[in-house]
Amino acid sequence: MRASAPVASAASLAGHVAVVSGGARGIGAAIALALAGDGAAVAVLDALDAGETVVAAAALGARSRGWMVDVGDEAACLDAAAAAEAALGPISILVCAAGVMPRGAVDSGLAQWRAVLRVNLDGARHLVAACYPGMEARGDGRILLVSSVAARQGGLLAGAEYSASKGALLAFGRHVARNGAARNVRCNILSPGVIETAMNADLPKPDPAVLPARRLGAPGDVAGPALFLCSDQASYITGVDLPVNGGQLFYP
């Protein structure tokens with residue numbers, strides 16, 4: 001697996017405060033560290049202990065705090081956002097990377113359907129609801145939702161509820177983008193392909209030889225595009241669904 005080193009950017013995020021859900025490991029951790037490496041203060045939210053990411057962000061010179069949060073709980077998200085603002089300052093960047101990806105099929109049962117959408121979709125809604133009003137009032141917001149290639153082509157690694165949750169994020173993100181554009185609140189979507197993380201470690205994966213890039217992705221491959229979309233360099237980009245899949249799926 002390729003290293004997930006922080007990605008440098010020409011546009012510094014010094015003075016910005018970022019909230020990153022799912023930041024304890026994998027894609028979320030890689031994005032949190034990329035933002036920290038570019039000068040942002042980072043609040044790391046996760047159902048797991050995010051201490052390792054917080055320590056790594058501090059080693060990069062960033063102010064960072066971590067909170068254990070169930071993003072499917074609206075009240076918990078509101079409390080975490082308030083705590084992050086109290087500790088680090090007004091939130092101008094939100095990255096929703098928290099997700100679950102259990103094994104599944106076309107119908108894995110209603111309980112699993114609801115459990116996956118609760119985290120993958122409701123969690124993003126709760127955090128946007130918590131952070132968007134302040135961004136709108138200040139006229140500066142950068143929101144990034146982490147979807148998946150499964151949103152467009154269906155999934156082979158997990159069940160229908162995973163694909164449905166990620167597809168819904170596309171529609172939700174574009175709605176936020178269209179309504180926030182005049183208020184300088186941008187919202188974009190990243191759609192990774194098969195990225196090797198702890199979350200999907202036990203799931204079957206394609207043979208890298210059949211992929212155009214001849215390899216699976218690493219969290220660091222997603223961090224660079226994320227950093228760009230959260231930077232001033234992307235100030236006129238909103239509502240974009242950016243594929244990060246090594247050529248696995250092309251779409252306009």
# chains A, B, ... in the order shown; residues from 1 in each chain; ligands from 1
$ select_by_dssp --residues "region 9-239 of chain A" --states "helix (DSSP H, G or I)" --output "ChimeraX atom specification"
/A:26-37,51-59,74-88,110-138,150-153,160-183,208-210,219-230,232-234
$ residues_around --residues "Gly39 (chain A)" --least-positions-apart "4" --cutoff "10 Å" --atoms "only C-alpha atoms" --output "PyMOL selection string"
chain A and resi 9+11-17+33-35+57+60-63
$ closest_residue --among "A:Lys166, A:Arg152, A:Arg138, A:Arg103" --to "Val119 (chain A)" --atoms "only C-alpha atoms"
A:Lys166
$ residues_around --residues "Met135 (chain A)" --least-positions-apart "2" --cutoff "12 Å" --atoms "only C-alpha atoms" --output "VMD selection string"
chain A and resid 16 to 18 85 90 to 94 128 to 133 137 to 143 180 to 181 183 to 187
$ write_last_selection --atoms "C-alpha atoms" --output "CSV table (one decimal), in the first residue's frame"
chain,number,residue,atom,x,y,z
A,16,HIS,CA,-9.2,27.9,8.6
A,17,VAL,CA,-10.8,25.4,11.0
A,18,ALA,CA,-11.8,22.0,9.5
A,85,GLU,CA,-15.8,25.9,17.4
A,90,PRO,CA,-15.3,29.2,13.5
A,91,ILE,CA,-15.6,26.2,11.2
A,92,SER,CA,-15.0,27.0,7.5
A,93,ILE,CA,-14.2,23.5,6.2
A,94,LEU,CA,-16.3,20.3,6.6
A,128,VAL,CA,-23.9,19.9,7.3
A,129,ALA,CA,-26.9,21.1,9.3
A,130,ALA,CA,-24.5,21.9,12.2
A,131,CYS,CA,-21.9,23.7,10.2
A,132,TYR,CA,-23.7,25.3,7.2
A,133,PRO,CA,-25.5,28.2,9.1
A,137,ALA,CA,-23.4,33.8,7.9
A,138,ARG,CA,-19.6,34.4,7.5
A,139,GLY,CA,-19.7,34.0,3.7
A,140,ASP,CA,-17.0,31.3,3.6
A,141,GLY,CA,-17.6,27.5,3.5
A,142,ARG,CA,-16.0,24.5,1.9
A,143,ILE,CA,-17.9,21.3,2.2
A,180,GLY,CA,-24.8,27.8,-1.2
A,181,ALA,CA,-23.0,29.2,-4.2
A,183,ARG,CA,-23.3,32.7,-0.3
A,184,ASN,CA,-19.7,31.5,-1.0
A,185,VAL,CA,-20.4,28.1,0.5
A,186,ARG,CA,-19.1,25.5,-1.9
A,187,CYS,CA,-19.9,21.8,-1.7
$ atom_distance --atom1 "CA of Asp46 (chain A)" --atom2 "CA of Ala32 (chain A)"
11.9 Å
$ atom_distance --atom1 "CA of Ala29 (chain A)" --atom2 "CA of Asp73 (chain A)"
21.1 Å
$ residues_around --residues "Ala171 (chain A)" --least-positions-apart "2" --cutoff "12 Å" --atoms "only C-alpha atoms" --output "PDB file with C-alpha atoms, in the first residue's frame"
ATOM      1  CA  LEU A 121     -26.176   9.620   4.650  1.00  0.00           C
ATOM      2  CA  ARG A 125     -26.830  15.637   6.753  1.00  0.00           C
ATOM      3  CA  LEU A 145     -18.733  14.763   0.900  1.00  0.00           C
ATOM      4  CA  SER A 147     -19.162   9.269  -1.913  1.00  0.00           C
ATOM      5  CA  ALA A 151     -22.943   5.543  -6.428  1.00  0.00           C
ATOM      6  CA  ARG A 152     -22.824   5.337 -10.228  1.00  0.00           C
ATOM      7  CA  ALA A 164     -27.847   3.793  -2.218  1.00  0.00           C
ATOM      8  CA  SER A 165     -26.302   5.869   0.560  1.00  0.00           C
ATOM      9  CA  LYS A 166     -23.460   7.028  -1.656  1.00  0.00           C
ATOM     10  CA  GLY A 167     -25.787   7.848  -4.535  1.00  0.00           C
ATOM     11  CA  ALA A 168     -27.940   9.929  -2.231  1.00  0.00           C
ATOM     12  CA  LEU A 169     -24.852  11.893  -1.174  1.00  0.00           C
ATOM     13  CA  GLY A 173     -24.217  17.572  -2.172  1.00  0.00           C
ATOM     14  CA  ARG A 174     -25.406  19.159  -5.391  1.00  0.00           C
ATOM     15  CA  HIS A 175     -28.431  20.612  -3.629  1.00  0.00           C
ATOM     16  CA  VAL A 176     -26.166  22.162  -0.989  1.00  0.00           C
ATOM     17  CA  ALA A 177     -23.844  23.436  -3.739  1.00  0.00           C
ATOM     18  CA  ARG A 178     -26.615  25.084  -5.746  1.00  0.00           C
ATOM     19  CA  CYS A 187     -19.929  21.821  -1.716  1.00  0.00           C
ATOM     20  CA  ASN A 188     -18.176  19.157  -3.758  1.00  0.00           C
ATOM     21  CA  ILE A 189     -18.162  15.383  -3.806  1.00  0.00           C
ATOM     22  CA  GLY A 239     -21.284  20.774  -7.196  1.00  0.00           C
ATOM     23  CA  VAL A 240     -18.545  18.660  -8.778  1.00  0.00           C
ATOM     24  CA  ASP A 241     -18.440  14.879  -8.383  1.00  0.00           C
TER      25      ASP A 241
END
$ closest_residue --among "A:Val146, A:Leu45, A:Leu157, A:Met68" --to "Phe172 (chain A)" --atoms "only C-alpha atoms"
A:Val146
$ atom_distance --atom1 "CA of Leu48 (chain A)" --atom2 "CA of Asp70 (chain A)"
9.2 Å
$ select_by_dssp --residues "region 7-172 of chain A" --states "strand (DSSP E)" --output "short mmCIF file (atom, residue, chain, number, x, y, z; two decimals) with C-alpha atoms, in the first residue's frame"
data_model
loop_
_atom_site.label_atom_id
_atom_site.label_comp_id
_atom_site.auth_asym_id
_atom_site.auth_seq_id
_atom_site.Cartn_x
_atom_site.Cartn_y
_atom_site.Cartn_z
CA VAL A 17 -10.82 25.36 10.96
CA ALA A 18 -11.77 22.00 9.49
CA VAL A 19 -14.09 19.34 10.85
CA VAL A 20 -13.36 15.87 9.45
CA SER A 21 -15.67 12.98 10.25
CA ALA A 41 -6.76 23.56 12.55
CA VAL A 42 -8.47 20.17 12.52
CA ALA A 43 -11.30 18.73 14.60
CA VAL A 44 -11.38 14.96 14.11
CA LEU A 45 -14.71 13.22 14.71
CA ASP A 46 -15.05 9.45 14.75
CA SER A 64 -6.07 19.66 16.56
CA ARG A 65 -8.66 18.06 18.81
CA GLY A 66 -10.56 14.81 18.62
CA TRP A 67 -14.05 13.80 19.69
CA MET A 68 -15.68 10.38 19.74
CA ILE A 93 -14.24 23.47 6.19
CA LEU A 94 -16.33 20.33 6.62
CA VAL A 95 -15.28 16.93 5.30
CA CYS A 96 -17.81 14.12 5.71
CA GLY A 141 -17.59 27.54 3.55
CA ARG A 142 -16.00 24.52 1.89
CA ILE A 143 -17.91 21.25 2.23
CA LEU A 144 -16.66 17.95 0.90
CA LEU A 145 -18.73 14.76 0.90
CA VAL A 146 -16.99 11.43 0.33
#
$ residues_around --residues "Leu249 (chain A)" --least-positions-apart "4" --cutoff "9 Å" --atoms "only C-alpha atoms" --output "ChimeraX atom specification"
/A:149,152-153,193,243,245
$ write_last_selection --atoms "C-alpha atoms" --output "PDB file, in the first residue's frame"
ATOM      1  CA  VAL A 149     -17.780   4.832  -7.451  1.00  0.00           C
ATOM      2  CA  ARG A 152     -22.824   5.337 -10.228  1.00  0.00           C
ATOM      3  CA  GLN A 153     -22.129   1.711 -11.047  1.00  0.00           C
ATOM      4  CA  GLY A 193     -12.791   3.702  -6.400  1.00  0.00           C
ATOM      5  CA  PRO A 243     -13.847  10.484  -9.594  1.00  0.00           C
ATOM      6  CA  ASN A 245     -10.565   5.694  -9.187  1.00  0.00           C
TER       7      ASN A 245
END
